[in-house]
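Colleague: Can you keep this structure in mind? I'll have questions shortly.
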Amino acid sequence: MGVINITPDSFSDGGKFLSADSALQQAKKLIDEGADILDIGGESTRPGSISVEVDEEMRRVSPLLEMLVKENIPVSVDTSKPEIMQYAIAAGAAMINDVNALRAPGALEAIAASGSVAVCMMHMQGKPSSMQDNPEYANIIDEVMAFLGERIQAAMAHGITRDRIIIDPGFGFGKTLQHNLLLLRNLKQFSRLGVPVMAGISRKSMLGMITGNPVDQRVHESIAAAMLAVMNGVNIVRVHDVKATRDALAVYLAMQDAG
C-alpha cells in the first residue's frame with residue numbers, strides 16, 4: 001500500500017502533494033513502482049495533530065480520489081468521518097482505512113451499507129492530539145488483540161462480513177518505543193483473529209528513535225521494519241518507499257518459494 005497524504009501537516013509528506021496535479025503524479029509514480037493500492041488521506045493523524053472539518057477534508061481528498069478511480073487505480077481512503085466514508089464509497093474507493101476503528105457514530109453503518117467495500121480498523125489509545133502524552137498498558141499484546149477482536153465482532157454484528165475486514169495494531173498510535181517493538185516482535189499473534197493484518201511503520205518516529213535519523217532519511221530502517229512485519233505474518237505493508245520495499249520483499253519471497 002502506497003501512501004499519499006494531501007495535508008499540510010502529515011509527519012512525512014505533509015505539504016508535498018496539496019495540488020491535484022502533484023498528488024496524481026505521485027500516485028502514478030507509486031503505482032509504477034509496484035503499489036497494489038494507494039491510501040490517500042486529507043487529515044493528518046500524526047501525534048499532536050488537530051482534526052479538520054468535514055468540508056476541508058472533502059476538499060482535499062475528492063479531486064485525487066475521482067482522478068484515480070477514473071484511471072482504475074485501487075484506492076483506500078484514510079478517514080474516520082462517516083460523511084467522508086460515504087462519499088468515498090460512492091466515488092469508487094475500494095477500501096476505507098480508519099485509525100478510529102469505526103467508533104464514530106454512523107461509521108459502522110456507512111461501511112455496512114456499501115455491501116462490498118473493504119475496511120481496515122486500527123488500534124489507537126487516546127486521540128491523535130494527545131495519544132503520545134503518556135501511553136500505558138498492562139500487557140500491550142493482550143490489550144490490542146482484545147480491542148481489535150471486539151471491533152471485528154462489532155463490525156460483523158452490523159453485517160460487515162469477515163472477508164471485508166482488515167486489522168492494524170497501530171504502530172505509533174498511543175505507544176512508546178518499547179510498546180511498538182513488542183508489537184513488531186509479536187505480530188504473528190494477530191493472525192489468530194482470522195482476518196488480514198496491515199502494518200504501517202514506514203518512516204515513523206519509533207525508527208528515528210532507534211537510528212537517530214530524521215524523517216526524510218529513514219528509508220533503510222523502514223524497509224527493515226516492513227520485512228520483519230511480513231516475516232511475522234503481516235499481509236499488507238503501508239509504505240512511502242514502494243520500490244525499495246518491493247525490491248527487498250522480492251528477495252525474501254524468492255527465498256520462500258525456493259522451499
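Naming scheme: A, B, ... for chains in displayed order of the C-alpha cells; residues 1 onward per chain; ligands 1 onward as shown.
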List the neighbours of region 78-87 of chain A out to 6 Å using only C-alpha atoms; skip same-chain residues closer than 5 positions along the sequence, and give me the result as number ranges by chain.

Modeller: A: 40-41, 97-98, 100, 106-107, 110

Colleague: Tell me, which residues of region 13-129 of chain A carry DSSP helix (DSSP H, G or I), written as a ChimeraX atom specification?

Modeller: /A:20-32,54-70,82-91,107-114

Colleague: How about saving the chosen residues, N, CA and C atoms kept, as a compact mmCIF listing (two decimals), in the first residue's frame?

Modeller:
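The resulting again.txt:
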# COMPACT_ATOMS: atom_id res chain seq x y z
N ALA A 20 -3.81 18.91 -6.92
CA ALA A 20 -4.28 17.67 -7.54
C ALA A 20 -3.25 17.12 -8.52
N ASP A 21 -2.58 17.98 -9.26
CA ASP A 21 -1.60 17.52 -10.25
C ASP A 21 -0.41 16.85 -9.59
N SER A 22 0.12 17.46 -8.52
CA SER A 22 1.28 16.86 -7.84
C SER A 22 0.90 15.55 -7.17
N ALA A 23 -0.31 15.49 -6.62
CA ALA A 23 -0.77 14.26 -5.98
C ALA A 23 -0.96 13.14 -7.01
N LEU A 24 -1.53 13.49 -8.17
CA LEU A 24 -1.73 12.48 -9.21
C LEU A 24 -0.40 11.98 -9.75
N GLN A 25 0.56 12.87 -9.92
CA GLN A 25 1.89 12.47 -10.38
C GLN A 25 2.54 11.50 -9.40
N GLN A 26 2.42 11.80 -8.11
CA GLN A 26 2.98 10.89 -7.10
C GLN A 26 2.24 9.56 -7.08
N ALA A 27 0.94 9.60 -7.26
CA ALA A 27 0.15 8.37 -7.29
C ALA A 27 0.59 7.46 -8.42
N LYS A 28 0.76 8.02 -9.60
CA LYS A 28 1.19 7.21 -10.75
C LYS A 28 2.60 6.67 -10.53
N LYS A 29 3.46 7.46 -9.88
CA LYS A 29 4.82 7.01 -9.58
C LYS A 29 4.78 5.78 -8.66
N LEU A 30 3.96 5.84 -7.62
CA LEU A 30 3.88 4.73 -6.68
C LEU A 30 3.29 3.48 -7.34
N ILE A 31 2.31 3.66 -8.22
CA ILE A 31 1.75 2.52 -8.94
C ILE A 31 2.82 1.90 -9.86
N ASP A 32 3.56 2.75 -10.57
CA ASP A 32 4.63 2.26 -11.44
C ASP A 32 5.70 1.51 -10.65
N VAL A 54 -15.19 18.46 8.16
CA VAL A 54 -15.58 17.55 7.08
C VAL A 54 -15.39 18.20 5.71
N ASP A 55 -15.83 19.43 5.57
CA ASP A 55 -15.75 20.11 4.27
C ASP A 55 -14.31 20.26 3.80
N GLU A 56 -13.40 20.57 4.72
CA GLU A 56 -12.00 20.74 4.35
C GLU A 56 -11.37 19.39 3.96
N GLU A 57 -11.67 18.35 4.70
CA GLU A 57 -11.15 17.02 4.36
C GLU A 57 -11.68 16.58 2.99
N MET A 58 -12.96 16.84 2.74
CA MET A 58 -13.56 16.51 1.45
C MET A 58 -12.88 17.27 0.32
N ARG A 59 -12.63 18.55 0.55
CA ARG A 59 -11.98 19.38 -0.47
C ARG A 59 -10.60 18.84 -0.83
N ARG A 60 -9.88 18.35 0.15
CA ARG A 60 -8.53 17.84 -0.09
C ARG A 60 -8.56 16.49 -0.83
N VAL A 61 -9.48 15.62 -0.44
CA VAL A 61 -9.47 14.24 -0.93
C VAL A 61 -10.14 14.06 -2.28
N SER A 62 -11.25 14.76 -2.51
CA SER A 62 -12.11 14.44 -3.65
C SER A 62 -11.44 14.54 -5.02
N PRO A 63 -10.63 15.57 -5.33
CA PRO A 63 -10.06 15.61 -6.69
C PRO A 63 -9.18 14.42 -7.01
N LEU A 64 -8.30 14.04 -6.09
CA LEU A 64 -7.40 12.91 -6.35
C LEU A 64 -8.17 11.60 -6.40
N LEU A 65 -9.09 11.40 -5.49
CA LEU A 65 -9.87 10.16 -5.48
C LEU A 65 -10.59 9.98 -6.81
N GLU A 66 -11.24 11.01 -7.29
CA GLU A 66 -12.00 10.89 -8.53
C GLU A 66 -11.09 10.64 -9.72
N MET A 67 -9.91 11.27 -9.74
CA MET A 67 -8.97 11.04 -10.84
C MET A 67 -8.43 9.60 -10.81
N LEU A 68 -8.13 9.09 -9.62
CA LEU A 68 -7.58 7.74 -9.51
C LEU A 68 -8.62 6.68 -9.89
N VAL A 69 -9.85 6.90 -9.48
CA VAL A 69 -10.92 5.96 -9.84
C VAL A 69 -11.09 5.91 -11.36
N LYS A 70 -11.03 7.08 -12.02
CA LYS A 70 -11.13 7.12 -13.48
C LYS A 70 -9.99 6.35 -14.15
N PRO A 82 -17.71 9.40 9.04
CA PRO A 82 -18.71 8.68 8.24
C PRO A 82 -19.09 9.42 6.97
N GLU A 83 -19.15 10.75 7.00
CA GLU A 83 -19.53 11.51 5.81
C GLU A 83 -18.51 11.31 4.69
N ILE A 84 -17.22 11.28 5.04
CA ILE A 84 -16.17 11.06 4.05
C ILE A 84 -16.21 9.62 3.56
N MET A 85 -16.48 8.70 4.48
CA MET A 85 -16.60 7.29 4.09
C MET A 85 -17.70 7.11 3.04
N GLN A 86 -18.86 7.70 3.30
CA GLN A 86 -19.98 7.55 2.37
C GLN A 86 -19.64 8.14 1.01
N TYR A 87 -19.03 9.32 1.02
CA TYR A 87 -18.63 9.93 -0.25
C TYR A 87 -17.62 9.07 -0.97
N ALA A 88 -16.58 8.60 -0.25
CA ALA A 88 -15.51 7.81 -0.88
C ALA A 88 -16.04 6.52 -1.48
N ILE A 89 -16.94 5.87 -0.76
CA ILE A 89 -17.52 4.61 -1.27
C ILE A 89 -18.33 4.88 -2.53
N ALA A 90 -19.14 5.93 -2.50
CA ALA A 90 -19.95 6.28 -3.69
C ALA A 90 -19.06 6.65 -4.87
N ALA A 91 -17.90 7.24 -4.60
CA ALA A 91 -16.99 7.67 -5.66
C ALA A 91 -16.17 6.52 -6.22
N ALA A 107 -20.26 5.29 11.59
CA ALA A 107 -19.19 4.72 10.78
C ALA A 107 -19.45 3.25 10.43
N LEU A 108 -19.86 2.47 11.40
CA LEU A 108 -20.17 1.06 11.12
C LEU A 108 -21.28 0.95 10.07
N GLU A 109 -22.29 1.81 10.22
CA GLU A 109 -23.42 1.78 9.28
C GLU A 109 -22.98 2.19 7.87
N ALA A 110 -22.06 3.14 7.79
CA ALA A 110 -21.59 3.59 6.47
C ALA A 110 -20.89 2.47 5.72
N ILE A 111 -20.07 1.69 6.43
CA ILE A 111 -19.37 0.58 5.78
C ILE A 111 -20.34 -0.55 5.47
N ALA A 112 -21.20 -0.87 6.41
CA ALA A 112 -22.15 -1.96 6.20
C ALA A 112 -23.06 -1.70 5.01
N ALA A 113 -23.47 -0.46 4.82
CA ALA A 113 -24.40 -0.12 3.74
C ALA A 113 -23.79 -0.31 2.37
N SER A 114 -22.47 -0.27 2.28
CA SER A 114 -21.83 -0.36 0.96
C SER A 114 -21.92 -1.76 0.38

Colleague: Can you tell me how far CA of Phe147 (chain A) sits from CA of Phe173 (chain A), in Å to one decimal?

Modeller: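 Between these atoms lies a distance of 13.7 Å.
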
Colleague: Ranking A:Val52, A:Ile4, A:Ala199, A:Ala258 by minimum distance to Ile37 (chain A) and counting only C-alpha atoms, which one comes first?

Modeller: A:Ile4

Colleague: Give me the residues within 9 Å of region 249-256 of chain A as a ChimeraX atom specification, counting only C-alpha atoms and dropping any in the same chain fewer than 2 places off.

Modeller: /A:223,226-227,230-231,244-247,258-259

Colleague: Return the single residue from A:Ala248, A:Ile201, A:Ile50, A:Leu187 that is closest to Asn232 (chain A), with distances computed using only C-alpha atoms.

Modeller: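 Among the listed residues, A:Leu187 lies closest to Asn232 (chain A).
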
Colleague: DSSP on the backbone: which residues in region 61-239 of chain A end up as strand (DSSP E or B)? Give the answer as a PDB file with C-alpha atoms, in the first residue's frame.

Modeller:
ATOM      1  CA  VAL A  75      -7.818   3.434  -3.718  1.00  0.00           C
ATOM      2  CA  SER A  76      -8.104   3.311   0.049  1.00  0.00           C
ATOM      3  CA  VAL A  77      -9.314   6.452   1.794  1.00  0.00           C
ATOM      4  CA  ASP A  78      -7.817   7.156   5.211  1.00  0.00           C
ATOM      5  CA  MET A  95     -11.285   0.387   0.950  1.00  0.00           C
ATOM      6  CA  ILE A  96     -11.696   2.634   3.987  1.00  0.00           C
ATOM      7  CA  ASN A  97      -8.751   2.868   6.393  1.00  0.00           C
ATOM      8  CA  ASP A  98      -9.960   4.100   9.785  1.00  0.00           C
ATOM      9  CA  ALA A 118     -13.094  -3.389   2.487  1.00  0.00           C
ATOM     10  CA  VAL A 119     -12.258  -1.735   5.798  1.00  0.00           C
ATOM     11  CA  CYS A 120      -9.147  -1.579   7.936  1.00  0.00           C
ATOM     12  CA  MET A 121      -9.711  -0.965  11.638  1.00  0.00           C
ATOM     13  CA  MET A 122      -6.736   0.227  13.659  1.00  0.00           C
ATOM     14  CA  ILE A 165     -12.209  -6.769   7.374  1.00  0.00           C
ATOM     15  CA  ILE A 166      -8.513  -5.942   7.899  1.00  0.00           C
ATOM     16  CA  ILE A 167      -6.882  -5.017  11.215  1.00  0.00           C
ATOM     17  CA  ASP A 168      -3.912  -2.809  12.102  1.00  0.00           C
ATOM     18  CA  VAL A 197      -3.218  -7.788   9.169  1.00  0.00           C
ATOM     19  CA  MET A 198      -1.808  -4.468   7.958  1.00  0.00           C
ATOM     20  CA  ALA A 199       1.208  -2.667   9.402  1.00  0.00           C
ATOM     21  CA  ILE A 236      -0.234  -5.589   3.842  1.00  0.00           C
ATOM     22  CA  VAL A 237       2.537  -3.082   4.480  1.00  0.00           C
ATOM     23  CA  VAL A 239       4.770   2.394   2.965  1.00  0.00           C
TER      24      VAL A 239
END

Colleague: With only C-alpha atoms as the atoms that count, which of A:Ile152, A:Gly208, A:Ile140, A:Arg203 lies nearest to Leu182 (chain A)?

Modeller: A:Ile140

Colleague: State, in Å with one decimal place, the distance from CA of Arg238 (chain A) to CA of Leu38 (chain A).

Modeller: 8.9 Å
